[in-house]
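upload-v4.tsv follows (TSV, C-alpha atoms):
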```
chain	number	residue	atom	x	y	z
D	26	MET	CA	0.88	-7.73	-83.51
D	27	ARG	CA	-0.29	-4.62	-81.63
D	28	ILE	CA	-1.22	-3.75	-78.06
D	29	THR	CA	-4.95	-3.10	-77.75
D	30	GLY	CA	-5.26	-2.62	-74.00
D	31	VAL	CA	-3.27	-1.95	-70.82
D	32	SER	CA	-5.05	-1.98	-67.47
D	33	ALA	CA	-4.23	-2.10	-63.76
D	34	THR	CA	-6.63	-3.48	-61.16
D	35	PRO	CA	-6.20	-3.83	-57.37
D	36	LEU	CA	-7.01	-7.36	-56.21
D	37	ALA	CA	-6.85	-8.55	-52.61
D	38	SER	CA	-8.27	-10.85	-49.95
D	39	PRO	CA	-8.55	-10.43	-46.16
D	40	LEU	CA	-6.27	-12.24	-43.71
D	41	SER	CA	-7.40	-14.14	-40.64
D	42	GLU	CA	-4.58	-12.51	-38.64
D	43	GLU	CA	-2.52	-9.35	-38.98
D	44	LEU	CA	0.96	-9.96	-40.33
D	45	ARG	CA	3.92	-7.71	-39.56
D	46	TRP	CA	6.92	-7.17	-41.79
D	47	GLY	CA	9.11	-4.85	-39.76
D	48	ALA	CA	7.38	-1.47	-39.55
D	49	MET	CA	4.64	-2.58	-41.95
D	50	ALA	CA	1.51	-4.43	-40.81
D	51	VAL	CA	-1.02	-5.88	-43.26
D	52	ARG	CA	-4.58	-7.10	-42.81
D	53	VAL	CA	-5.13	-7.92	-46.47
D	54	LYS	CA	-2.92	-9.62	-49.03
D	55	GLY	CA	-2.95	-8.65	-52.67
D	56	GLY	CA	-1.50	-6.48	-55.37
D	57	ILE	CA	-2.03	-4.40	-58.47
D	58	VAL	CA	-2.49	-6.84	-61.34
D	59	VAL	CA	-1.57	-5.47	-64.78
D	60	ARG	CA	-2.99	-6.94	-67.99
D	61	VAL	CA	-1.69	-6.19	-71.48
D	62	THR	CA	-3.95	-7.40	-74.30
D	63	THR	CA	-3.24	-7.68	-78.03
D	64	ASP	CA	-5.10	-7.79	-81.32
D	65	GLU	CA	-4.28	-11.50	-81.57
D	66	GLY	CA	-6.07	-12.31	-78.32
D	67	ILE	CA	-2.94	-13.07	-76.29
D	68	GLU	CA	-2.69	-11.48	-72.84
D	69	GLY	CA	0.28	-10.78	-70.58
D	70	ILE	CA	-0.06	-10.56	-66.79
D	71	GLY	CA	2.13	-8.50	-64.45
D	72	GLU	CA	2.13	-6.97	-60.99
D	73	ALA	CA	3.02	-3.40	-59.99
D	74	GLY	CA	4.44	-2.61	-56.57
D	75	PHE	CA	4.21	-4.46	-53.28
D	76	SER	CA	0.54	-4.06	-52.35
D	77	ALA	CA	-2.99	-3.36	-53.59
D	78	GLU	CA	-2.96	-0.33	-51.29
D	79	TYR	CA	-0.65	1.49	-53.73
D	80	PHE	CA	-3.38	1.59	-56.37
D	81	PRO	CA	-4.50	5.23	-55.75
D	82	THR	CA	-1.05	6.40	-56.88
D	83	VAL	CA	0.25	3.61	-59.13
D	84	GLY	CA	-3.04	2.72	-60.84
D	85	PRO	CA	-3.69	6.10	-62.50
D	86	ILE	CA	-0.14	6.20	-63.86
D	87	ILE	CA	-0.70	2.89	-65.62
D	88	ASN	CA	-4.30	3.44	-66.70
D	89	GLN	CA	-4.09	7.12	-67.64
D	90	GLN	CA	-0.43	7.85	-68.42
D	91	LEU	CA	1.19	4.69	-69.76
D	92	ALA	CA	-1.74	2.86	-71.37
D	93	PRO	CA	-2.54	5.53	-74.03
D	94	MET	CA	1.09	5.72	-75.17
D	95	LEU	CA	1.37	1.92	-75.48
D	96	ILE	CA	-1.81	1.28	-77.47
D	97	GLY	CA	-0.92	0.34	-81.04
D	98	LYS	CA	2.71	-0.53	-80.22
D	99	ASP	CA	4.33	-3.91	-80.87
D	100	PRO	CA	4.52	-5.69	-77.46
D	101	ARG	CA	7.61	-7.60	-78.54
D	102	ASP	CA	9.70	-4.41	-78.45
D	103	ILE	CA	10.16	-4.62	-74.69
D	104	GLY	CA	13.40	-2.64	-74.51
D	105	ALA	CA	12.04	0.22	-76.59
D	106	LEU	CA	8.77	0.33	-74.67
D	107	TRP	CA	10.62	0.32	-71.34
D	108	GLN	CA	12.69	3.31	-72.39
D	109	GLN	CA	9.63	5.15	-73.70
D	110	MET	CA	7.84	4.66	-70.39
D	111	LEU	CA	10.88	5.87	-68.45
D	112	ASP	CA	11.27	8.93	-70.68
D	113	ALA	CA	7.55	9.75	-70.38
D	114	THR	CA	7.75	9.85	-66.59
D	115	HIS	CA	11.26	11.29	-66.26
D	116	MET	CA	10.40	14.95	-65.70
D	117	TRP	CA	7.85	14.40	-62.94
D	118	GLY	CA	8.99	11.16	-61.41
D	119	ARG	CA	12.58	10.07	-61.98
D	120	ARG	CA	12.71	6.80	-60.07
D	121	GLY	CA	9.73	7.33	-57.79
D	122	ILE	CA	6.31	5.70	-57.64
D	123	GLU	CA	6.14	5.73	-61.43
D	124	THR	CA	8.82	3.03	-61.51
D	125	TYR	CA	6.33	0.72	-59.80
D	126	ALA	CA	3.94	1.38	-62.68
D	127	ILE	CA	6.60	0.71	-65.31
D	128	SER	CA	7.50	-2.51	-63.48
D	129	GLY	CA	3.99	-3.93	-63.70
D	130	VAL	CA	3.72	-3.25	-67.42
D	131	ASP	CA	7.19	-4.65	-68.09
D	132	ILE	CA	6.43	-7.90	-66.25
D	133	ALA	CA	3.23	-8.29	-68.28
D	134	LEU	CA	5.17	-7.72	-71.51
D	135	TRP	CA	7.65	-10.48	-70.59
D	136	ASP	CA	4.77	-12.85	-69.82
D	137	LEU	CA	3.29	-11.95	-73.21
D	138	LEU	CA	6.61	-12.46	-75.01
D	139	GLY	CA	6.97	-15.90	-73.43
D	140	LYS	CA	3.52	-16.87	-74.61
D	141	LEU	CA	4.26	-15.62	-78.12
D	142	SER	CA	7.59	-17.46	-78.18
D	143	ARG	CA	6.11	-20.57	-76.58
D	144	GLN	CA	8.90	-20.47	-74.02
D	145	PRO	CA	9.01	-19.92	-70.25
D	146	VAL	CA	10.41	-16.48	-69.42
D	147	TYR	CA	13.46	-17.85	-67.61
D	148	ARG	CA	14.65	-19.43	-70.87
D	149	LEU	CA	14.27	-16.12	-72.68
D	150	LEU	CA	16.42	-14.55	-69.95
D	151	GLY	CA	19.17	-17.14	-70.50
D	152	ALA	CA	18.29	-20.06	-68.25
D	153	SER	CA	20.83	-20.82	-65.55
D	154	LYS	CA	18.70	-23.43	-63.75
D	155	SER	CA	15.12	-24.66	-63.60
D	156	ARG	CA	14.51	-24.45	-59.86
D	157	ALA	CA	15.77	-22.47	-56.86
D	158	ARG	CA	16.07	-23.22	-53.17
D	159	ALA	CA	13.28	-21.46	-51.30
D	160	TYR	CA	13.56	-19.77	-47.95
D	161	PHE	CA	10.70	-19.54	-45.47
D	162	ALA	CA	9.75	-16.00	-44.39
D	163	PRO	CA	7.69	-15.88	-41.18
D	164	SER	CA	5.89	-12.78	-39.94
D	165	LEU	CA	7.10	-10.83	-36.92
D	166	LYS	CA	5.37	-12.63	-34.04
D	167	PRO	CA	6.12	-13.71	-30.46
D	168	THR	CA	9.29	-15.80	-30.29
D	169	ALA	CA	7.53	-19.06	-29.39
D	170	GLU	CA	5.24	-18.82	-32.40
D	171	ILE	CA	8.08	-18.08	-34.81
D	172	VAL	CA	10.14	-20.96	-33.41
D	173	GLU	CA	7.24	-23.35	-33.97
D	174	GLU	CA	6.64	-22.08	-37.52
D	175	CYS	CA	10.33	-22.49	-38.36
D	176	ARG	CA	10.42	-25.98	-36.87
D	177	GLN	CA	7.43	-26.91	-39.04
D	178	ALA	CA	9.06	-25.30	-42.08
D	179	VAL	CA	12.10	-27.54	-41.69
D	180	ALA	CA	9.80	-30.55	-41.36
D	181	ASP	CA	8.14	-29.44	-44.60
D	182	GLY	CA	11.49	-29.46	-46.41
D	183	PHE	CA	12.76	-25.86	-46.11
D	184	THR	CA	16.49	-25.53	-45.55
D	185	ALA	CA	16.58	-21.73	-45.11
D	186	MET	CA	14.52	-19.06	-43.38
D	187	LYS	CA	14.59	-15.30	-42.85
D	188	LEU	CA	13.65	-13.85	-39.47
D	189	ARG	CA	12.39	-10.32	-38.88
D	190	VAL	CA	13.68	-8.60	-35.74
D	191	THR	CA	12.79	-5.37	-33.93
D	192	ALA	CA	14.89	-2.59	-32.42
D	193	ASP	CA	14.98	-4.54	-29.15
D	194	LEU	CA	18.51	-5.96	-29.29
D	195	GLY	CA	17.99	-8.51	-26.54
D	196	GLN	CA	14.75	-9.77	-28.08
D	197	ALA	CA	16.38	-10.00	-31.51
D	198	ALA	CA	19.29	-12.06	-30.21
D	199	GLU	CA	16.94	-14.30	-28.21
D	200	LEU	CA	14.75	-14.97	-31.28
D	201	VAL	CA	17.63	-15.90	-33.55
D	202	GLY	CA	19.24	-18.06	-30.88
D	203	SER	CA	15.97	-19.84	-30.16
D	204	VAL	CA	15.33	-20.56	-33.84
D	205	ARG	CA	18.91	-21.80	-34.28
D	206	ASP	CA	18.43	-24.21	-31.36
D	207	ALA	CA	15.14	-25.41	-32.86
D	208	VAL	CA	16.23	-25.97	-36.47
D	209	GLY	CA	19.82	-27.09	-35.87
D	210	PRO	CA	23.10	-26.05	-37.47
D	211	ALA	CA	22.35	-27.20	-41.02
D	212	ALA	CA	19.57	-24.72	-41.80
D	213	ASP	CA	20.47	-21.28	-43.13
D	214	ILE	CA	19.13	-18.37	-41.09
D	215	MET	CA	18.98	-14.83	-42.43
D	216	VAL	CA	17.96	-11.80	-40.36
D	217	ASP	CA	16.05	-8.74	-41.58
D	218	ALA	CA	16.21	-5.75	-39.23
D	219	ASN	CA	14.12	-3.49	-41.49
D	220	MET	CA	16.23	-0.39	-40.77
D	221	SER	CA	15.49	-0.51	-37.03
D	222	TYR	CA	18.92	0.61	-35.75
D	223	ASP	CA	21.42	3.42	-35.95
D	224	ARG	CA	24.85	2.31	-37.07
D	225	ARG	CA	26.27	1.60	-33.60
D	226	GLY	CA	23.17	-0.31	-32.62
D	227	ALA	CA	23.51	-2.28	-35.85
D	228	LEU	CA	27.12	-3.04	-34.95
D	229	GLN	CA	25.99	-4.44	-31.60
D	230	LEU	CA	23.32	-6.52	-33.31
D	231	ALA	CA	25.75	-7.90	-35.88
D	232	ARG	CA	28.22	-8.93	-33.17
D	233	GLU	CA	25.43	-10.73	-31.29
D	234	LEU	CA	24.48	-12.61	-34.45
D	235	GLU	CA	27.95	-13.57	-35.67
D	236	PRO	CA	28.32	-16.62	-33.35
D	237	LEU	CA	24.88	-17.90	-34.41
D	238	GLY	CA	25.88	-18.68	-37.99
D	239	VAL	CA	23.63	-16.07	-39.62
D	240	ALA	CA	23.92	-16.14	-43.41
D	241	TRP	CA	23.22	-12.43	-43.83
D	242	LEU	CA	21.96	-9.36	-41.95
D	243	GLU	CA	19.53	-7.32	-44.02
D	244	GLU	CA	19.25	-3.52	-43.93
D	245	PRO	CA	19.82	-2.95	-40.21
D	246	ILE	CA	20.47	0.83	-40.39
D	247	LEU	CA	17.81	3.51	-40.77
D	248	SER	CA	18.72	5.65	-43.79
D	249	ARG	CA	17.00	8.70	-45.25
D	250	SER	CA	19.19	9.18	-48.30
D	251	LEU	CA	21.19	7.06	-50.72
D	252	ALA	CA	24.41	8.64	-49.47
D	253	GLN	CA	23.63	7.73	-45.87
D	254	TYR	CA	22.43	4.27	-46.94
D	255	ALA	CA	25.75	3.54	-48.64
D	256	ASP	CA	27.96	5.25	-46.07
D	257	ASP	CA	26.49	3.69	-42.93
D	258	HIS	CA	26.17	0.16	-44.29
D	259	SER	CA	29.70	0.36	-45.72
D	260	TRP	CA	30.91	1.49	-42.29
D	261	LEU	CA	29.22	-1.54	-40.75
D	262	ALA	CA	30.53	-3.94	-43.40
D	263	ASP	CA	34.11	-2.90	-42.57
D	264	ARG	CA	33.64	-3.85	-38.91
D	265	VAL	CA	31.89	-7.23	-38.95
D	266	SER	CA	32.39	-10.60	-40.62
D	267	LEU	CA	28.65	-11.04	-41.16
D	268	LYS	CA	27.43	-10.62	-44.73
D	269	LEU	CA	25.10	-7.68	-45.34
D	270	ALA	CA	22.11	-7.60	-47.69
D	271	GLY	CA	20.10	-4.68	-49.04
D	272	GLY	CA	18.75	-2.76	-51.99
D	273	GLU	CA	15.11	-3.89	-51.98
D	274	SER	CA	13.73	-0.34	-52.14
D	275	LEU	CA	16.08	1.06	-54.77
D	276	LEU	CA	14.65	1.98	-58.16
D	277	THR	CA	16.36	1.40	-61.53
D	278	ARG	CA	19.97	0.36	-62.01
D	279	TYR	CA	21.24	3.90	-61.47
D	280	GLU	CA	20.61	3.82	-57.72
D	281	TYR	CA	22.80	0.73	-57.33
D	282	ILE	CA	25.97	2.17	-58.85
D	283	ASP	CA	27.54	3.46	-55.62
D	284	LEU	CA	26.63	0.29	-53.73
D	285	PHE	CA	28.49	-1.84	-56.25
D	286	ALA	CA	31.51	0.44	-56.51
D	287	ARG	CA	31.90	0.50	-52.73
D	288	ARG	CA	30.98	-3.18	-52.21
D	289	THR	CA	28.48	-2.07	-49.56
D	290	PHE	CA	26.44	-5.28	-49.65
D	291	ASP	CA	27.34	-8.92	-50.19
D	292	VAL	CA	23.76	-9.68	-51.27
D	293	ILE	CA	21.70	-7.30	-53.42
D	294	GLN	CA	17.89	-7.48	-53.49
D	295	PRO	CA	16.12	-5.74	-56.40
D	296	ASP	CA	12.36	-6.30	-56.62
D	297	CYS	CA	10.84	-6.94	-60.06
D	298	THR	CA	7.63	-5.11	-59.13
D	299	SER	CA	9.36	-1.84	-58.21
D	300	VAL	CA	12.89	-1.58	-59.63
D	301	GLY	CA	11.64	-1.38	-63.22
D	302	GLY	CA	10.27	-4.83	-63.97
D	303	ILE	CA	12.03	-7.98	-65.07
D	304	SER	CA	14.02	-5.98	-67.62
D	305	GLU	CA	15.66	-3.72	-65.05
D	306	ALA	CA	15.98	-6.35	-62.34
D	307	LYS	CA	17.96	-8.49	-64.79
D	308	ARG	CA	20.26	-5.54	-65.52
D	309	VAL	CA	20.85	-5.03	-61.79
D	310	ALA	CA	21.53	-8.74	-61.28
D	311	ASP	CA	24.02	-8.77	-64.15
D	312	MET	CA	25.76	-5.67	-62.76
D	313	ALA	CA	26.00	-7.45	-59.41
D	314	SER	CA	27.51	-10.50	-61.11
D	315	ALA	CA	30.24	-8.34	-62.61
D	316	TRP	CA	31.18	-7.32	-59.04
D	317	ASN	CA	30.91	-10.93	-57.76
D	318	ILE	CA	27.90	-9.97	-55.63
D	319	THR	CA	25.05	-12.39	-54.96
D	320	CYS	CA	21.55	-11.39	-56.07
D	321	VAL	CA	18.52	-12.59	-54.09
D	322	PRO	CA	15.55	-10.58	-55.38
D	323	HIS	CA	13.10	-9.17	-52.88
D	324	ILE	CA	9.57	-10.58	-53.17
D	325	ALA	CA	7.13	-8.64	-51.00
D	326	CYS	CA	5.27	-10.64	-48.38
D	327	SER	CA	2.50	-8.02	-48.45
D	328	SER	CA	1.65	-9.28	-51.96
D	329	GLY	CA	-0.22	-12.51	-52.28
D	330	THR	CA	-1.26	-12.55	-55.92
D	331	GLY	CA	1.43	-15.06	-56.90
D	332	VAL	CA	2.32	-12.98	-59.98
D	333	ALA	CA	5.22	-11.20	-58.26
D	334	LEU	CA	6.50	-14.53	-56.97
D	335	ALA	CA	6.48	-15.98	-60.49
D	336	ALA	CA	8.27	-12.93	-61.90
D	337	GLY	CA	10.94	-13.11	-59.19
D	338	LEU	CA	11.41	-16.82	-59.71
D	339	HIS	CA	11.93	-16.50	-63.46
D	340	LEU	CA	14.46	-13.72	-62.88
D	341	ILE	CA	16.35	-15.91	-60.42
D	342	LEU	CA	16.36	-18.86	-62.81
D	343	GLY	CA	17.82	-16.63	-65.50
D	344	CYS	CA	20.74	-15.44	-63.32
D	345	GLU	CA	23.79	-17.48	-62.37
D	346	ASN	CA	24.40	-15.38	-59.24
D	347	ALA	CA	20.88	-15.82	-57.77
D	348	PRO	CA	20.67	-18.92	-55.52
D	349	LEU	CA	17.54	-18.34	-53.40
D	350	VAL	CA	13.89	-17.38	-53.74
D	351	GLU	CA	11.80	-15.88	-50.94
D	352	PHE	CA	8.54	-17.69	-50.20
D	353	ASP	CA	5.77	-16.21	-48.11
D	354	ALA	CA	3.95	-18.98	-46.27
D	355	TYR	CA	0.78	-17.03	-45.49
D	356	GLY	CA	-1.02	-17.35	-48.80
D	357	GLY	CA	-3.27	-14.66	-50.24
D	358	PRO	CA	-5.58	-14.36	-53.25
D	359	GLY	CA	-3.20	-16.22	-55.55
D	360	TRP	CA	-3.69	-19.34	-53.44
D	361	ASP	CA	-7.39	-18.64	-52.78
D	362	GLY	CA	-8.48	-18.85	-56.41
D	363	LEU	CA	-7.06	-15.72	-58.07
D	364	LEU	CA	-4.61	-17.94	-59.95
D	365	GLN	CA	-5.54	-21.23	-61.54
D	366	ASN	CA	-2.37	-23.05	-60.49
D	367	PRO	CA	-0.23	-21.05	-58.02
D	368	LEU	CA	3.38	-21.96	-57.34
D	369	GLN	CA	4.14	-24.29	-54.44
D	370	VAL	CA	7.40	-25.23	-52.72
D	371	GLU	CA	8.30	-28.91	-53.01
D	372	ASN	CA	11.11	-30.44	-50.95
D	373	GLY	CA	12.51	-27.01	-50.21
D	374	PHE	CA	12.66	-25.87	-53.85
D	375	LEU	CA	10.50	-23.70	-56.09
D	376	ALA	CA	10.50	-24.78	-59.73
D	377	ALA	CA	9.17	-22.97	-62.77
D	378	ARG	CA	6.73	-24.87	-64.91
D	379	ASP	CA	7.79	-25.67	-68.44
D	380	VAL	CA	4.99	-23.59	-69.95
D	381	PRO	CA	5.05	-20.37	-72.00
D	382	GLY	CA	5.40	-17.06	-70.19
D	383	LEU	CA	5.45	-16.76	-66.40
D	384	GLY	CA	3.16	-19.75	-65.97
D	385	VAL	CA	0.43	-17.74	-64.23
D	386	GLU	CA	-3.18	-17.70	-65.38
D	387	LEU	CA	-5.99	-15.80	-63.71
D	388	GLY	CA	-8.92	-17.76	-62.35
D	389	ALA	CA	-12.43	-17.58	-63.73
D	390	ASP	CA	-13.86	-15.56	-60.83
D	391	ILE	CA	-11.31	-12.83	-60.11
D	392	GLU	CA	-14.05	-10.24	-59.55
D	393	ARG	CA	-14.50	-11.49	-55.99
D	394	PHE	CA	-10.98	-10.21	-55.21
D	395	ALA	CA	-11.75	-6.69	-56.45
D	396	VAL	CA	-10.86	-3.95	-53.98
D	397	ALA	CA	-13.96	-1.81	-53.51
D	398	SER	CA	-12.26	1.21	-51.97
D	399	PRO	CA	-8.47	1.20	-52.43
D	400	ALA	CA	-8.15	4.53	-50.63
D	401	GLN	CA	-9.52	2.96	-47.44
D	402	GLU	CA	-6.88	0.36	-46.55
D	403	ALA	CA	-7.86	-1.93	-49.44
D	404	VAL	CA	-10.96	-3.19	-47.66
D	405	LEU	CA	-12.93	-5.66	-49.75
```
Same coordinates, now as structure tokens:
Amino acid sequence: MRITGVSATPLASPLSEELRWGAMAVRVKGGIVVRVTTDEGIEGIGEAGFSAEYFPTVGPIINQQLAPMLIGKDPRDIGALWQQMLDATHMWGRRGIETYAISGVDIALWDLLGKLSRQPVYRLLGASKSRARAYFAPSLKPTAEIVEECRQAVADGFTAMKLRVTADLGQAAELVGSVRDAVGPAADIMVDANMSYDRRGALQLARELEPLGVAWLEEPILSRSLAQYADDHSWLADRVSLKLAGGESLLTRYEYIDLFARRTFDVIQPDCTSVGGISEAKRVADMASAWNITCVPHIACSSGTGVALAAGLHLILGCENAPLVEFDAYGGPGWDGLLQNPLQVENGFLAARDVPGLGVELGADIERFAVASPAQEAVL
């Protein structure tokens, strides 16, 4: 079997309302869908990066740099192909935007391998479970709206949720307290500060949240370097009882080494679509397991293709130290017809289907999700 084609395409759909994820606001949902085809007619599907808006940088790397070197190769040699892609981009990238490109191809190769093996990907990764508890991830909105969305999420069966907060300490504490009052003591609440604070502000925030039973505080401190990222969050971890989570923007296993050695975070969050694909995310998760650190992979809410969600779910199901899966409740093209049968949360859990590969198949009319001008805010 040989690879005959590798292509990346930006696919997206407009939103009825702007959604905010910390400093990022999105008006469209979508992603860069990667397709790897073979001479036997079997196709693998992946996703590169967090958003279709990355296509002007990520797309050419896949279509012009990686695709020519992969044509004619055996798609089953995932480890060898991963290393070849990393080596080919090492001199000009070294864990930058090119890692997003590698991630999309790697995910597609795993989907392809599952189809060839007639096994779901999570079994190829060493199945630990067949479903994971999902947590609800609302957008950053006025407190009353978030409270109502969380109340409805609990009614729909969710037992965990992650709240975004701003640099306004009083507003952040009010939001978390209001949601706690609304959903009761049994639901897990996590808080994502999206690097909105300096370290002393983060210390104040953490101490406000400690009495509210927050399961973890995610990346509260603004960091411009890996050294600062590790130092400041380690400083905070030594001063509060609250668990800290982070690592969603780190690329390849090598950027996690200091975090593990210093036990900076209690929860580590690699993203399949950026860290280096399923292959590298699994390595990071296994490294975390060796340090007795929980792994809850990041799944970008700016993506709505459903492919990244499937990849993250299969990774989680293949890891004994990964108990939760993030679920974005605002849909996107994957739920608007891009995918034939998108994943859905049932009774608070997300389960993988017992079908080969990632269990994602593109719909018959994906052209209507094509991004006409990716350089202009991914407007359809």
Which residue is closest to Pro81 (chain D)? Choose from D:Val59, D:Thr34, D:Arg156, D:Glu65 and count all atoms listed in the file.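 Smallest separation from Pro81 (chain D) among the options: D:Thr34.
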Name all residues at most 8 Å from Trp46 (chain D) (count only C-alpha atoms; drop same-chain ones fewer than 6 positions away) and give them as a list of chain:residue names. D:Ser164, D:Leu165, D:Arg189, D:Cys326
Centre and edge lengths of an axis-aligned box around all listed atoms of region 74-86 of chain D, with 3 Å added on each side, are to be given in Å to one decimal, as JSON.
```
{"center_x": 0.0, "center_y": 1.0, "center_z": -57.6, "size_x": 14.9, "size_y": 16.9, "size_z": 18.6}
```
Atom-to-atom span, CA of Asp213 (chain D) and CA of Ala185 (chain D), Å: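 Separation of CA of Asp213 (chain D) and CA of Ala185 (chain D): 4.4 Å.
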Nearest to Ala77 (chain D), chosen from D:Pro295, D:Gly343, D:Gly55, D:Gly226, with all atoms listed in the file counted in the distances: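 Of all the options, D:Gly55 lies closest to Ala77 (chain D).
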Please tabulate, as a tab-separated table, the residues of region 93-204 of chain D that come within 9 Å of region 380-388 of chain D, each with its closest pair of atoms and the distance in Å to one decimal, counting only C-alpha atoms and ordering rows by chain, then residue number upward.
```
residue	atom	partner	partner_atom	distance
D:Ile132	CA	D:Leu383	CA	8.9
D:Ala133	CA	D:Leu383	CA	9.0
D:Trp135	CA	D:Gly382	CA	7.0
D:Asp136	CA	D:Gly382	CA	4.3
D:Leu137	CA	D:Gly382	CA	6.3
D:Leu138	CA	D:Gly382	CA	6.8
D:Gly139	CA	D:Gly382	CA	3.8
D:Lys140	CA	D:Pro381	CA	4.6
D:Leu141	CA	D:Pro381	CA	7.8
D:Ser142	CA	D:Pro381	CA	7.3
D:Arg143	CA	D:Pro381	CA	4.7
D:Gln144	CA	D:Pro381	CA	4.3
D:Pro145	CA	D:Pro381	CA	4.4
D:Val146	CA	D:Gly382	CA	5.1
D:Tyr147	CA	D:Leu383	CA	8.2
```
When you look at Arg264 (chain D) with a cut-off of 12 Å (counting only C-alpha atoms), what residues show up, excluding the ones that are within fewer than 5 positions of it in the same chain? I need them as a ChimeraX atom specification. /D:224-225,227-229,231-232,235,257-259,269,289
Find the residue from D:Val292, D:Leu375, D:Ala389, D:Val130 that sits nearest to Glu72 (chain D); use all atoms listed in the file when measuring.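 Answer, going by the shortest atom-to-atom distance: D:Val130.
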To one decimal place in Å, what is the distance between CA of Glu305 (chain D) and CA of Gln108 (chain D)?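 Straight-line distance from CA of Glu305 (chain D) to CA of Gln108 (chain D) works out to 10.6 Å.
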Distance of CA of Ser299 (chain D) from CA of Pro93 (chain D), expressed in Å to one decimal place: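 It comes out at 21.1 Å.
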Using all atoms listed in the file, collect all residues at a distance of at most 8 Å from (14.7, -24.1, -54.1) as written in the file, then present them as number ranges by chain. D: 156-160, 349-350, 370, 372-376
Filled-in N, CA and C atoms of region 217-228 of chain D, supplied as a JSON list (two decimals), keeping the file's coordinate frame:
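The result, stored in part_7.json:
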```json
[["chain", "number", "residue", "atom", "x", "y", "z"],
["D", 217, "ASP", "N", 16.45, -10.01, -40.99],
["D", 217, "ASP", "CA", 16.05, -8.74, -41.58],
["D", 217, "ASP", "C", 15.67, -7.78, -40.46],
["D", 218, "ALA", "N", 16.46, -6.71, -40.29],
["D", 218, "ALA", "CA", 16.21, -5.75, -39.23],
["D", 218, "ALA", "C", 15.34, -4.57, -39.69],
["D", 219, "ASN", "N", 15.03, -4.51, -40.97],
["D", 219, "ASN", "CA", 14.12, -3.49, -41.49],
["D", 219, "ASN", "C", 14.47, -2.07, -41.03],
["D", 220, "MET", "N", 15.76, -1.74, -41.10],
["D", 220, "MET", "CA", 16.23, -0.39, -40.77],
["D", 220, "MET", "C", 15.81, 0.06, -39.37],
["D", 221, "SER", "N", 15.94, -0.82, -38.39],
["D", 221, "SER", "CA", 15.49, -0.51, -37.03],
["D", 221, "SER", "C", 16.57, 0.12, -36.15],
["D", 222, "TYR", "N", 17.81, 0.20, -36.61],
["D", 222, "TYR", "CA", 18.92, 0.61, -35.75],
["D", 222, "TYR", "C", 19.68, 1.79, -36.34],
["D", 223, "ASP", "N", 20.39, 2.53, -35.46],
["D", 223, "ASP", "CA", 21.42, 3.42, -35.95],
["D", 223, "ASP", "C", 22.66, 2.57, -36.18],
["D", 224, "ARG", "N", 23.74, 3.16, -36.65],
["D", 224, "ARG", "CA", 24.85, 2.31, -37.07],
["D", 224, "ARG", "C", 25.56, 1.62, -35.91],
["D", 225, "ARG", "N", 25.62, 2.26, -34.73],
["D", 225, "ARG", "CA", 26.27, 1.60, -33.60],
["D", 225, "ARG", "C", 25.38, 0.51, -33.01],
["D", 226, "GLY", "N", 24.08, 0.75, -33.03],
["D", 226, "GLY", "CA", 23.17, -0.31, -32.62],
["D", 226, "GLY", "C", 23.25, -1.50, -33.56],
["D", 227, "ALA", "N", 23.37, -1.21, -34.86],
["D", 227, "ALA", "CA", 23.51, -2.28, -35.85],
["D", 227, "ALA", "C", 24.80, -3.06, -35.64],
["D", 228, "LEU", "N", 25.86, -2.37, -35.24],
["D", 228, "LEU", "CA", 27.12, -3.04, -34.95],
["D", 228, "LEU", "C", 26.96, -3.99, -33.77]]
```
